[in-house]
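What follows is one structure encoded as structure tokens, with my remarks underneath.
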Amino acid sequence: MSDKLKQAQQAFDSRQKDVNEEYRPKYHLSVPAGWLNDPNGFGFFKGKCQLFYQYHPYDTVWGPMHWGHWTSENLIDWKQEPVAMAPDCAYDAAGCFSGTAIEEDGRYWIMYTGVIDEPSTGRTPQHQCLAWTDDGIHVEKAAENPVVGLEQTPEGICPYDFRDPKLERIGDHYRIVVAAKINNEGNVLSYSSPDLKHWTYDGVYAAGFGEMAECPDCFEIDGRRVLVSSIMACKDESLVLPQPVVYMIGYEKDGKFCAQTPMRDIDRGLDFYAPQTCLAPDGRRLLIGWAHAWGCETPMHKLGHGWTGTMTLMRECWIKNDSLYQRPIREIESRRRNEAVRENLLIEKKMQLDECSGPCREMILDIDVSETDSFGICLMETGEECVVLSYNRQAGKLTIDRSASGYSLTKEDAGLSKTRATADVSVYGDMLSLRVFVDVSIIEVYVNHGERVLTCQAFPKGKAYGVSASACGKAIIKRLVSYEIV
């Protein structure tokens, strides 16, 4: 174990005793202390789910990237493992950036981005590195690193924007797709290898992703190819955020991705970035993302709580009607307690839904909106403080708005605050279906059985966590089911 890895582990252990747990979710994964961002190395090895993450052990803001690590045998109960990687080699001295992993021949192989420290210039060139673990805990880095250097990149590439390899086994060889900025445009590049150590550049896999296509992921569902990317400086105004996470569905031809659908947001909420997927042993395509957005700052940092960083719920993905659908993994249902059911609730003015109150809840609502112009739910409600989830029937839009909830997430030096997000939502037979999760400081909304998802952080100052519903006109909650999630 290197000195830097030892120091990181010591910081990890010592800083936890000073953490304030006020806003820590109970059933979403969050960093014990320090800073967390992208999920990394998501997959299965030795009968356990492996989930690494970008980690800064010394502060609650982004810094020199390490890899933290969790494992789980059931996707619900997670064990915190030792810090997996530190920036302790010349080829990754400025950071061990994001990467992915696969199991091959009893070994868990990891491809990640090593960032070079150039003190003389203050710049940080990036290249791709190889590591592995044989026991699912201790990670070794390859002596051959970097295995994909900048000399193996096309003309016009920015050496400081070449990162986030997605590793796959394709037939008799391995492949990575890597994010790159070429002539100020986001591209995804493709490389192949017979042995993970010797790589050949195969060309541009896909292009046209704003100024940078971070954290690419590609996979198959039902024989169709899905490409995912987190876009920096996106120019498509139809997407909800300046840095959206998008997907396209298509196929491969001659080593290139051919889209059959337009770019669409995976999550239409305010806080979602850098997701990774993996194939579960039972064949499900699983996805997990970082529940945050660049440009935001949580109150845990401002208030000195000692931790910042939460993951979304793990989700299962499938294709329906040329779209990517998502739902929480079924394992979350094992944490339900105290079911409450109500039917045929007439909503004409504000009505408290007492059975939905509390900081850790799941709510399932089937709402007849045929006689209403708009329908709203106030979540995390304390007096005038709340997060508003509202549906406008004429516009066909669902909006989540945290402007009246607790602490602002806007950095002091940032521009206009982003407090609301909107999704296009259809109703079927005049019924709107919502599945809402509230977990202390995060809300996830699944619309129409996975057709849309909205993720939003919120940090209320009040502690009541009440819930109410209201309508302009007349809405009927045909069925409401609520659970406490423990």
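Letters A, B, ... mark the chains of the structure tokens in the order given; residue numbers begin at 1 per chain; ligand numbers begin at 1, in order shown.
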
Find the nearest atom pair between each residue of segment 166-207 of chain A and segment 39-54 of chain A for residues within 12 Å, count only C-alpha atoms, give distances in Å to one decimal, sort rows by chain and ascending number, and present the table as JSON lines.
```
{"residue": "A:Lys166", "atom": "CA", "partner": "A:Gly41", "partner_atom": "CA", "distance": 9.3}
{"residue": "A:Leu167", "atom": "CA", "partner": "A:Gly41", "partner_atom": "CA", "distance": 9.5}
{"residue": "A:Glu168", "atom": "CA", "partner": "A:Gly43", "partner_atom": "CA", "distance": 11.5}
```

Prev. selection, C-alpha atoms, output as an mmCIF file, in the first residue's frame:
```cif
data_model
loop_
_atom_site.group_PDB
_atom_site.id
_atom_site.type_symbol
_atom_site.label_atom_id
_atom_site.label_comp_id
_atom_site.auth_asym_id
_atom_site.auth_seq_id
_atom_site.Cartn_x
_atom_site.Cartn_y
_atom_site.Cartn_z
ATOM 1 C CA LYS A 166 -16.080 2.319 -20.829
ATOM 2 C CA LEU A 167 -14.690 -1.230 -20.971
ATOM 3 C CA GLU A 168 -16.474 -4.100 -22.736
#
```

*asked:* Could you go through segment 194-396 of chain A and tell me which residues DSSP, when run on the backbone, assigns to helix (DSSP H, G or I), listing them as a PyMOL selection string?
replied: chain A and resi 299-302+330-335+354-356

_Point-to-point distance from atom CA of Met351 of chain A to atom CA of Ala469 of chain A, Å rounded to tenths_ =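 Separating atom CA of Met351 of chain A from atom CA of Ala469 of chain A is a distance of 5.3 Å.
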
*asked:* Using DSSP secondary structure from the backbone, list all strand (DSSP E) positions within segment 358-455 of chain A, as JSON, numbers by chain.
replied: {"A": [360, 361, 362, 363, 364, 365, 366, 367, 368, 369, 370, 371, 372, 373, 374, 375, 376, 377, 378, 379, 380, 381, 382, 385, 386, 387, 388, 389, 390, 391, 392, 397, 398, 399, 400, 401, 420, 421, 422, 423, 424, 431, 432, 433, 434, 435, 436, 437, 438, 439, 442, 443, 444, 445, 446, 447, 452, 453, 454, 455]}

*Residue with smallest distance to Leu432 of chain A - pool A:Arg479, A:Lys461, A:His66, A:Lys349, counting only C-alpha atoms*: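 Of the candidates, the smallest distance to Leu432 of chain A is held by A:Arg479.
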
*Could you give me, as JSON, numbers by chain, the residues within 8 Å of Leu227 of chain A, counting only C-alpha atoms and dropping anything in the same chain fewer than 4 positions from it?*
{"A": [216, 217, 218, 219, 247, 248, 249, 257]}

For the selection you just gave me, I'd like the residues written to a file as a JSON list (two decimals), in the first residue's frame, keeping C-alpha atoms.
```json
[["chain", "number", "residue", "atom", "x", "y", "z"],
["A", 216, "PRO", "CA", -19.83, 7.50, -22.06],
["A", 217, "ASP", "CA", -21.60, 4.19, -21.55],
["A", 218, "CYS", "CA", -22.78, 1.79, -24.24],
["A", 219, "PHE", "CA", -24.67, -1.46, -23.91],
["A", 247, "TYR", "CA", -29.08, 8.57, -24.51],
["A", 248, "MET", "CA", -29.67, 7.42, -28.06],
["A", 249, "ILE", "CA", -30.85, 4.02, -29.27],
["A", 257, "PHE", "CA", -22.70, 4.01, -33.52]]
```

_Nearest residue to Gly68 of chain A from the set A:Val83, A:Val204, A:Val453, A:Val447 (distances using only C-alpha atoms)_ = A:Val83

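For segment 393-403 of chain A, the set of protein, DNA and RNA residues having any atom at most 8 Å away, when counting only C-alpha atoms and skipping those fewer than 6 positions along the same chain, is A:Gly269, A:Val369, A:Thr372, A:Asp373, A:Ser374, A:Cys386, A:Val387, A:Thr419, A:Arg420, A:Ala421, A:Thr422, A:Ala423, A:Asp424, A:Val425, A:Ser426, A:Val427, A:Leu454, A:Cys456, A:Ala458.
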
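Counting only C-alpha atoms, the residue from A:Glu451, A:Glu333, A:Glu371, A:Asp254 that sits nearest to Asn321 of chain A is A:Glu451.
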
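Using only C-alpha atoms, the contacts of Asp164 of chain A at a cut-off of 6 Å, with sequence neighbours closer than 5 positions omitted, comprise Ser98, Gly99, Thr113, Val178 and Cys215 of chain A.
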
*Skipping near chain neighbours, those fewer than 4 positions away, what residues fall within 7 Å of segment 233-235 of chain A using only C-alpha atoms, listed as a list of chain:residue names?*
A:Phe209, A:Gly210, A:Glu211, A:Pro242, A:Gln243

*What's the 8 Å shell around Asn338 of chain A, counting only C-alpha atoms, without same-chain residues fewer than 2 positions away, as a ChimeraX atom specification?*
/A:336,340,483-484

Export, as an mmCIF file, in the first residue's frame, the selected residues with C-alpha atoms.
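Below is the file out.cif, written as the result:
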```cif
data_model
loop_
_atom_site.group_PDB
_atom_site.id
_atom_site.type_symbol
_atom_site.label_atom_id
_atom_site.label_comp_id
_atom_site.auth_asym_id
_atom_site.auth_seq_id
_atom_site.Cartn_x
_atom_site.Cartn_y
_atom_site.Cartn_z
ATOM 1 C CA ARG A 336 -41.066 -1.071 2.838
ATOM 2 C CA ALA A 340 -51.176 2.795 4.012
ATOM 3 C CA TYR A 483 -44.800 3.164 2.689
ATOM 4 C CA GLU A 484 -42.159 4.100 5.158
#
```

*Which residue gives the smallest distance to Gly289 of chain A among A:Leu36, A:Ala11, A:Ala131, A:Ala94, with only C-alpha atoms counted?*
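When distances to Gly289 of chain A are compared using only C-alpha atoms, the smallest one comes from A:Leu36.
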
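If you look at atom CA of Ile221 of chain A and atom CA of Ile319 of chain A, they are 7.0 Å away from each other.
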
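Considering only C-alpha atoms, the residue among A:Ala280, A:Val445, A:Leu75, A:Ile170 positioned nearest to Arg268 of chain A is A:Val445.
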